[in-house]
Every structure is written in C-alpha cells, then in structure tokens.
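Student: Sending over data.cif (mmCIF, C-alpha atoms).
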```cif
data_entry
#
loop_
_atom_site.label_atom_id
_atom_site.label_comp_id
_atom_site.auth_asym_id
_atom_site.auth_seq_id
_atom_site.Cartn_x
_atom_site.Cartn_y
_atom_site.Cartn_z
CA GLU X 291 38.97 70.39 164.37
CA VAL X 292 38.49 73.12 161.78
CA LYS X 293 38.64 72.18 158.12
CA THR X 294 40.25 74.69 155.84
CA GLU X 295 39.88 75.04 152.09
CA GLU X 296 43.34 73.53 151.80
CA GLY X 297 42.23 70.40 153.69
CA ASN X 298 39.40 69.84 151.21
CA GLU X 299 41.79 70.04 148.28
CA ASP X 300 43.96 67.38 149.89
CA ASP X 301 40.89 65.15 150.23
CA GLU X 302 40.07 65.68 146.54
CA GLU X 303 43.65 64.80 145.61
CA LYS X 304 43.45 61.57 147.64
CA LYS X 305 40.20 60.61 145.90
CA LYS X 306 41.81 61.19 142.50
CA GLN X 307 44.73 58.95 143.44
CA GLN X 308 42.33 56.24 144.58
CA ARG X 309 40.43 56.38 141.28
CA SER X 310 43.62 55.98 139.27
CA ASN X 311 45.00 53.34 141.63
CA PRO X 312 47.81 51.55 139.77
CA ARG X 313 47.09 48.39 141.79
CA LYS X 314 43.93 47.99 139.72
CA ALA X 315 46.12 47.00 136.77
CA ARG X 316 47.61 44.11 138.77
CA LEU X 317 47.06 40.52 137.62
CA ILE X 318 47.73 37.15 139.19
CA ILE X 319 49.02 34.30 137.05
CA ARG X 320 48.38 30.81 138.39
CA ASN X 321 49.42 27.32 137.23
CA LEU X 322 52.73 28.82 136.19
CA SER X 323 55.47 26.45 135.09
CA PHE X 324 58.39 26.20 137.51
CA LYS X 325 60.57 26.90 134.45
CA ALA X 326 59.07 30.40 134.17
CA ARG X 327 61.52 33.26 134.64
CA GLU X 328 60.94 36.99 134.74
CA ASN X 329 62.23 37.45 131.18
CA SER X 330 59.89 34.80 129.70
CA ILE X 331 56.90 36.29 131.58
CA ARG X 332 57.90 39.81 130.48
CA GLU X 333 58.27 38.69 126.85
CA THR X 334 54.76 37.17 126.76
CA PHE X 335 52.86 39.71 128.86
CA SER X 336 54.48 42.85 127.42
CA LYS X 337 52.74 42.03 124.10
CA CYS X 338 49.58 43.37 125.76
CA GLY X 339 51.13 46.59 127.09
CA GLU X 340 53.85 48.18 129.18
CA LEU X 341 54.65 46.36 132.42
CA ALA X 342 55.51 48.11 135.67
CA GLU X 343 56.50 45.05 137.72
CA ILE X 344 56.70 41.26 137.76
CA ASN X 345 56.75 39.40 141.07
CA ILE X 346 57.25 35.61 140.94
CA LEU X 347 56.13 34.02 144.20
CA LYS X 348 58.58 31.69 145.92
CA LYS X 349 58.59 29.66 149.10
CA PRO X 350 61.07 30.61 151.84
CA ASP X 351 63.44 27.91 150.52
CA GLY X 352 63.48 29.60 147.09
CA LYS X 353 61.31 27.05 145.29
CA MET X 354 58.63 28.46 143.04
CA VAL X 355 55.00 28.33 144.07
CA GLY X 356 53.60 28.39 140.53
CA CYS X 357 52.12 31.89 140.83
CA ALA X 358 53.23 35.37 139.87
CA PHE X 359 51.89 38.90 139.96
CA VAL X 360 52.15 41.11 136.87
CA GLN X 361 51.60 44.84 137.23
CA TYR X 362 50.67 46.80 134.11
CA LYS X 363 50.98 50.57 133.86
CA ASN X 364 47.50 50.72 132.32
CA VAL X 365 44.27 48.96 133.35
CA ASN X 366 43.16 48.51 129.73
CA ASN X 367 46.36 46.61 128.96
CA ALA X 368 45.76 44.37 131.98
CA ALA X 369 42.23 43.64 130.74
CA LYS X 370 43.65 42.83 127.30
CA ALA X 371 46.13 40.39 128.89
CA ILE X 372 43.34 38.55 130.69
CA LYS X 373 41.34 38.31 127.47
CA GLU X 374 44.28 37.15 125.34
CA LEU X 375 46.33 35.02 127.74
CA ASN X 376 43.92 33.40 130.22
CA ALA X 377 43.74 29.58 129.71
CA LYS X 378 46.41 29.79 126.99
CA PRO X 379 49.54 27.60 127.08
CA PHE X 380 52.66 29.20 128.55
CA LEU X 381 55.78 27.02 128.72
CA GLY X 382 53.60 23.96 128.15
CA ARG X 383 50.94 24.68 130.79
CA PRO X 384 47.60 26.47 130.48
CA ILE X 385 47.90 29.52 132.73
CA ALA X 386 45.08 31.17 134.69
CA VAL X 387 45.27 34.96 134.38
CA ASP X 388 42.93 37.04 136.53
CA TRP X 389 42.65 40.31 138.44
CA ALA X 390 44.71 40.31 141.62
CA VAL X 391 42.80 41.35 144.73
CA PRO X 392 44.35 42.89 147.84
CA LYS X 393 45.43 40.34 150.43
CA GLU X 394 42.90 41.63 152.97
CA VAL X 395 40.01 41.18 150.53
CA PHE X 396 41.22 37.71 149.53
CA ARG X 397 41.47 36.62 153.16
CA GLY X 398 38.08 38.19 153.92
CA ASP X 399 36.45 36.21 151.10
CA LYS X 400 37.91 32.96 152.41
CA LYS X 401 36.60 33.66 155.90
CA ASP X 402 33.09 34.44 154.59
CA GLN X 403 32.94 31.09 152.79
CA THR X 404 33.63 29.07 155.96
CA GLU X 405 30.94 30.77 158.06
#
```
Can you dump the structure from the file as structure tokens?
Tutor:
Amino acid sequence: EVKTEEGNEDDEEKKKQQRSNPRKARLIIRNLSFKARENSIRETFSKCGELAEINILKKPDGKMVGCAFVQYKNVNNAAKAIKELNAKPFLGRPIAVDWAVPKEVFRGDKKDQTE
C-alpha cells in the first residue's frame, strides 16, 4: 500500500478530532433521585456551562436507575460542574458527579480487579 500526501493529512485530521473529543466533556451523575427529570438536571447543570446532551438511564421497564450522563460542549465546563456539584444535594440527595469513561474501559477495569 502506497501512502500519499493526502493520506497523511487525513491521519492528521483524525488525530485532531481525537484530541478535541467531545466525549471527554461527558459526566456521570450517580445517586440521582428518581424524581429527577431532564429539565431539573438541565436547570442545575447548565449553570456550569452549555449542555450538549442529557441521558437519564432507565431499566427496560422504564423505571429509573438513579444515574444519568450529562454531556457538556466544553471540557472546562464539565470540570467546573464536578467541582461545584459533586457531593452537593440535588432534589434532596447528595449526588456523585464524575468523569464518564467509555463502556469498554469501565468493563476492562472491573475485569482487572477480579483477577
């Protein structure tokens, strides 16, 4: 396989996209009240910056799990949210706010601990 100049530029572009990966600004919220709704989460978390997405986790039967993912448009805003909202009361419960890790990494960590 012959690499052309164009191919190298594509590689550079991919690296740039990886560096500015929007998933890095993704947080997980745990110990979330079952009363939490997207609008109440948005109201609280948007104080730290612009949100791209909120995903409240639910069981197949529609019941809440007590966790949600919040995606910020900016990593600095996500860091600010962790600093300002972690362990603070939200709808009467102290919430745990932390960086979300990809599912593969999370599962990999679990496996390493059992070996």
Student: Excluding X:Ile344 and its own-chain neighbours fewer than 3 positions away, which residues fall within 10 Å of it when counting all atoms listed in the file? Please give them as a list in words.
Tutor: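 Here the answer would be Arg316, Leu317, Ile318, Arg327, Glu328, Asn329, Ile331, Arg332, Phe335, Leu341, Leu347, Ala358, Phe359, Val360, Gln361 and Tyr362 of chain X.
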Student: If I take atom CA of X:Asn364 and atom CA of X:Lys337, how far is one from the other in Å, to one decimal?
Tutor: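 Atom-to-atom, atom CA of X:Asn364 and atom CA of X:Lys337 are spaced 13.1 Å apart.
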Student: Which residue gives the smallest distance to X:Cys357 among X:Arg320, X:Lys373, X:Arg397, X:Arg383, with all atoms listed in the file counted?
Tutor: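 That would be X:Arg320, the residue with the smallest distance to X:Cys357.
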Student: Would you mind reading off the distance between atom CA of X:Ala371 and atom CA of X:Val387, one decimal, in Å?
Tutor: 7.8 Å
Student: Name every residue that the PyMOL selection byres ((chain X and resi 381) around 12) selects in this structure, writing the answer as a VMD selection string with chains first and numbers rising.
Tutor: chain X and resid 321 to 327 330 to 331 334 378 to 380 382 to 385
Student: For a test of reading the model, state the distance in Å between atom CA of X:Glu340 and atom CA of X:Glu374, rounded to one decimal.
Tutor: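 Pair atom CA of X:Glu340 / atom CA of X:Glu374 returns 15.1 Å.
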